[in-house]
file run38.txt (compact mmCIF, C-alpha atoms)
# COMPACT_ATOMS: atom_id res chain seq x y z
CA MET A 49 0.00 0.00 0.00
CA ARG A 50 2.83 2.40 0.87
CA HIS A 51 4.52 1.77 -2.52
CA LEU A 52 1.24 2.49 -4.32
CA LEU A 53 0.93 5.82 -2.46
CA ILE A 54 4.50 6.82 -3.35
CA ALA A 55 3.99 5.80 -6.99
CA SER A 56 0.74 7.81 -7.12
CA LEU A 57 2.48 10.91 -5.72
CA VAL A 58 5.30 10.57 -8.27
CA VAL A 59 2.79 10.32 -11.12
CA LEU A 60 0.77 13.30 -9.84
CA GLY A 61 3.95 15.32 -9.32
CA GLY A 62 5.05 14.57 -12.87
CA MET A 63 1.64 15.60 -14.21
CA SER A 64 1.73 18.95 -12.42
CA THR A 65 5.21 19.64 -13.83
CA VAL A 66 4.00 18.88 -17.33
CA SER A 67 0.96 21.14 -17.00
CA ALA A 68 3.13 24.05 -15.75
CA ALA A 69 5.56 23.58 -18.65
CA ASP A 70 2.63 23.42 -21.11
CA LYS A 71 1.86 27.09 -20.39
CA ILE A 72 5.14 28.11 -22.06
CA ASN A 73 5.71 27.55 -25.76
CA PRO A 74 8.66 25.10 -25.98
CA ALA A 75 10.25 27.34 -28.64
CA PHE A 76 10.72 29.95 -25.87
CA LEU A 77 12.91 27.56 -23.84
CA GLY A 78 16.54 26.80 -24.63
CA THR A 79 19.98 28.36 -24.93
CA TRP A 80 20.97 31.10 -27.35
CA LYS A 81 24.40 32.54 -28.13
CA LEU A 82 24.68 36.04 -29.56
CA ASN A 83 26.42 36.34 -32.92
CA SER A 84 27.92 39.79 -32.38
CA ALA A 85 29.28 39.88 -35.96
CA LYS A 86 25.69 39.84 -37.27
CA SER A 87 24.19 42.04 -34.56
CA LYS A 88 23.88 45.77 -33.94
CA ALA A 89 23.78 47.70 -30.69
CA ASP A 90 21.84 50.93 -30.64
CA PRO A 91 23.11 52.69 -28.67
CA GLY A 92 26.49 50.90 -28.71
CA PRO A 93 28.92 49.53 -27.89
CA MET A 94 28.17 45.90 -28.82
CA VAL A 95 28.87 43.24 -26.22
CA LYS A 96 31.66 40.79 -27.07
CA SER A 97 29.58 37.72 -26.23
CA GLN A 98 26.35 36.71 -24.55
CA THR A 99 24.66 33.40 -23.76
CA VAL A 100 21.05 33.36 -22.60
CA THR A 101 19.40 30.24 -21.16
CA ILE A 102 15.65 30.03 -20.51
CA GLU A 103 14.38 27.08 -18.46
CA PRO A 104 10.94 26.20 -17.09
CA GLN A 105 10.49 26.99 -13.39
CA GLY A 106 7.17 26.15 -11.74
CA ASP A 107 4.45 28.10 -13.59
CA GLY A 108 7.07 30.39 -15.11
CA PHE A 109 10.65 30.39 -16.27
CA THR A 110 14.20 31.32 -15.24
CA ILE A 111 16.40 33.41 -17.51
CA THR A 112 20.16 33.27 -17.01
CA ALA A 113 22.39 35.61 -19.03
CA ASP A 114 26.18 35.44 -19.14
CA THR A 115 27.67 38.48 -20.87
CA GLU A 116 31.12 39.75 -21.74
CA ASN A 117 30.82 43.50 -22.27
CA ALA A 118 32.76 45.55 -24.83
CA ASP A 119 35.20 46.67 -22.10
CA GLY A 120 35.93 43.05 -21.11
CA THR A 121 33.92 43.03 -17.88
CA LYS A 122 31.65 40.04 -17.36
CA SER A 123 28.22 39.74 -15.81
CA HIS A 124 25.95 36.89 -14.75
CA THR A 125 22.29 37.79 -14.23
CA VAL A 126 19.35 35.61 -13.23
CA ARG A 127 15.66 36.29 -12.94
CA THR A 128 12.69 33.98 -12.35
CA ALA A 129 9.41 35.25 -13.76
CA ALA A 130 6.06 34.27 -15.25
CA PHE A 131 3.83 35.77 -17.93
CA ASP A 132 1.75 37.48 -15.24
CA GLY A 133 2.94 41.09 -15.59
CA LYS A 134 4.38 41.11 -12.05
CA GLU A 135 7.76 42.73 -11.48
CA VAL A 136 10.64 40.44 -10.52
CA SER A 137 14.13 41.31 -9.29
CA VAL A 138 17.14 40.80 -11.53
CA GLN A 139 19.94 39.17 -9.54
CA GLY A 140 23.53 39.97 -10.44
CA THR A 141 23.01 43.43 -11.93
CA THR A 142 24.86 46.53 -10.76
CA ASN A 143 21.49 48.11 -9.87
CA PRO A 144 20.05 46.15 -6.93
CA ASN A 145 16.65 47.76 -7.59
CA ALA A 146 16.45 46.62 -11.23
CA LYS A 147 13.18 44.87 -12.02
CA GLU A 148 11.61 43.30 -15.11
CA LEU A 149 8.14 42.08 -15.97
CA TYR A 150 6.89 39.77 -18.69
CA THR A 151 3.50 39.46 -20.35
CA ARG A 152 2.38 37.11 -23.11
CA ILE A 153 1.28 38.83 -26.33
CA GLY A 154 0.47 35.61 -28.20
CA ASP A 155 1.61 32.00 -28.45
CA ARG A 156 4.90 33.04 -30.06
CA SER A 157 5.52 36.53 -28.69
CA LEU A 158 6.02 38.25 -25.36
CA LYS A 159 6.59 41.69 -23.94
CA ARG A 160 9.49 42.43 -21.58
CA ALA A 161 9.62 45.69 -19.67
CA GLU A 162 12.31 47.05 -17.36
CA SER A 163 12.10 49.39 -14.43
CA ALA A 164 14.98 50.88 -12.46
CA GLY A 165 13.14 50.49 -9.18
CA LYS A 166 13.14 53.06 -6.41
call {"tool": "encode", "arguments": {"input": "run38.txt", "output": "structure tokens"}}
result
Amino acid sequence: MRHLLIASLVVLGGMSTVSAADKINPAFLGTWKLNSAKSKADPGPMVKSQTVTIEPQGDGFTITADTENADGTKSHTVRTAAFDGKEVSVQGTTNPNAKELYTRIGDRSLKRAESAGK
């Protein structure tokens, strides 16, 4: 009986993970590397390199960005958000009050907004 209960919880846990991930288009998830030779920065200067990873996290997602700036300095930022329009903190930025929010525009598009915080 105990094994049946554990197996049932594992199955239910797996189902809730799948339903949370279903809310995000799988094309949104993954890892992208910036091709700075084919990119423009307006205003400049262009970063030397950047890798962005987006992974499912509960009902939302986590974005991790590793960047090498034009001056050679490096940054590692992380934020966990959802398409609910609520502000979330950006960890690893030079502005501890930096916030972002995300809203879904359609199945294949989103809106990202920044705020400097107070």
call {"tool": "axis_aligned_box", "arguments": {"input": "run38.txt", "around": "range 111-129 of chain A", "padding_each_side": "5 Å", "output": "JSON"}}
result
{"center_x": 22.7, "center_y": 40.0, "center_z": -18.6, "size_x": 36.5, "size_y": 23.4, "size_z": 22.5}
call {"tool": "closest_residue", "arguments": {"input": "run38.txt", "among": "A:Ala118, A:Ile72, A:Ala130, A:Ile111", "to": "Ser97 in chain A", "atoms": "all atoms listed in the file"}}
result
A:Ala118
call {"tool": "closest_residue", "arguments": {"input": "run38.txt", "among": "A:Asp90, A:Asp107, A:Asp114, A:Asp119", "to": "Lys71 in chain A", "atoms": "only C-alpha atoms"}}
result
A:Asp107
call {"tool": "atom_distance", "arguments": {"input": "run38.txt", "atom1": "CA of Thr125 in chain A", "atom2": "CA of Thr110 in chain A"}}
result
10.4 Å
call {"tool": "atom_distance", "arguments": {"input": "run38.txt", "atom1": "CA of Tyr150 in chain A", "atom2": "CA of His124 in chain A"}}
result
19.7 Å
call {"tool": "closest_residue", "arguments": {"input": "run38.txt", "among": "A:Leu158, A:Ile102, A:Leu77, A:Ala146", "to": "Thr128 in chain A", "atoms": "all atoms listed in the file"}}
result
A:Ile102
call {"tool": "closest_residue", "arguments": {"input": "run38.txt", "among": "A:Asp132, A:Glu103, A:Glu116, A:Glu162", "to": "Asn145 in chain A", "atoms": "only C-alpha atoms"}}
result
A:Glu162
call {"tool": "atom_distance", "arguments": {"input": "run38.txt", "atom1": "CA of Phe109 in chain A", "atom2": "CA of Pro91 in chain A"}}
result
28.4 Å
call {"tool": "closest_residue", "arguments": {"input": "run38.txt", "among": "A:Phe131, A:Thr101, A:Thr121, A:Gln139", "to": "Lys159 in chain A", "atoms": "all atoms listed in the file"}}
result
A:Phe131
call {"tool": "residues_around", "arguments": {"input": "run38.txt", "residues": "Met94 in chain A", "least_positions_apart": "4", "cutoff": "9 Å", "atoms": "only C-alpha atoms", "output": "list of chain:residue names"}}
result
A:Ser84, A:Ser87, A:Lys88, A:Ala89, A:Asp90, A:Asn117, A:Ala118
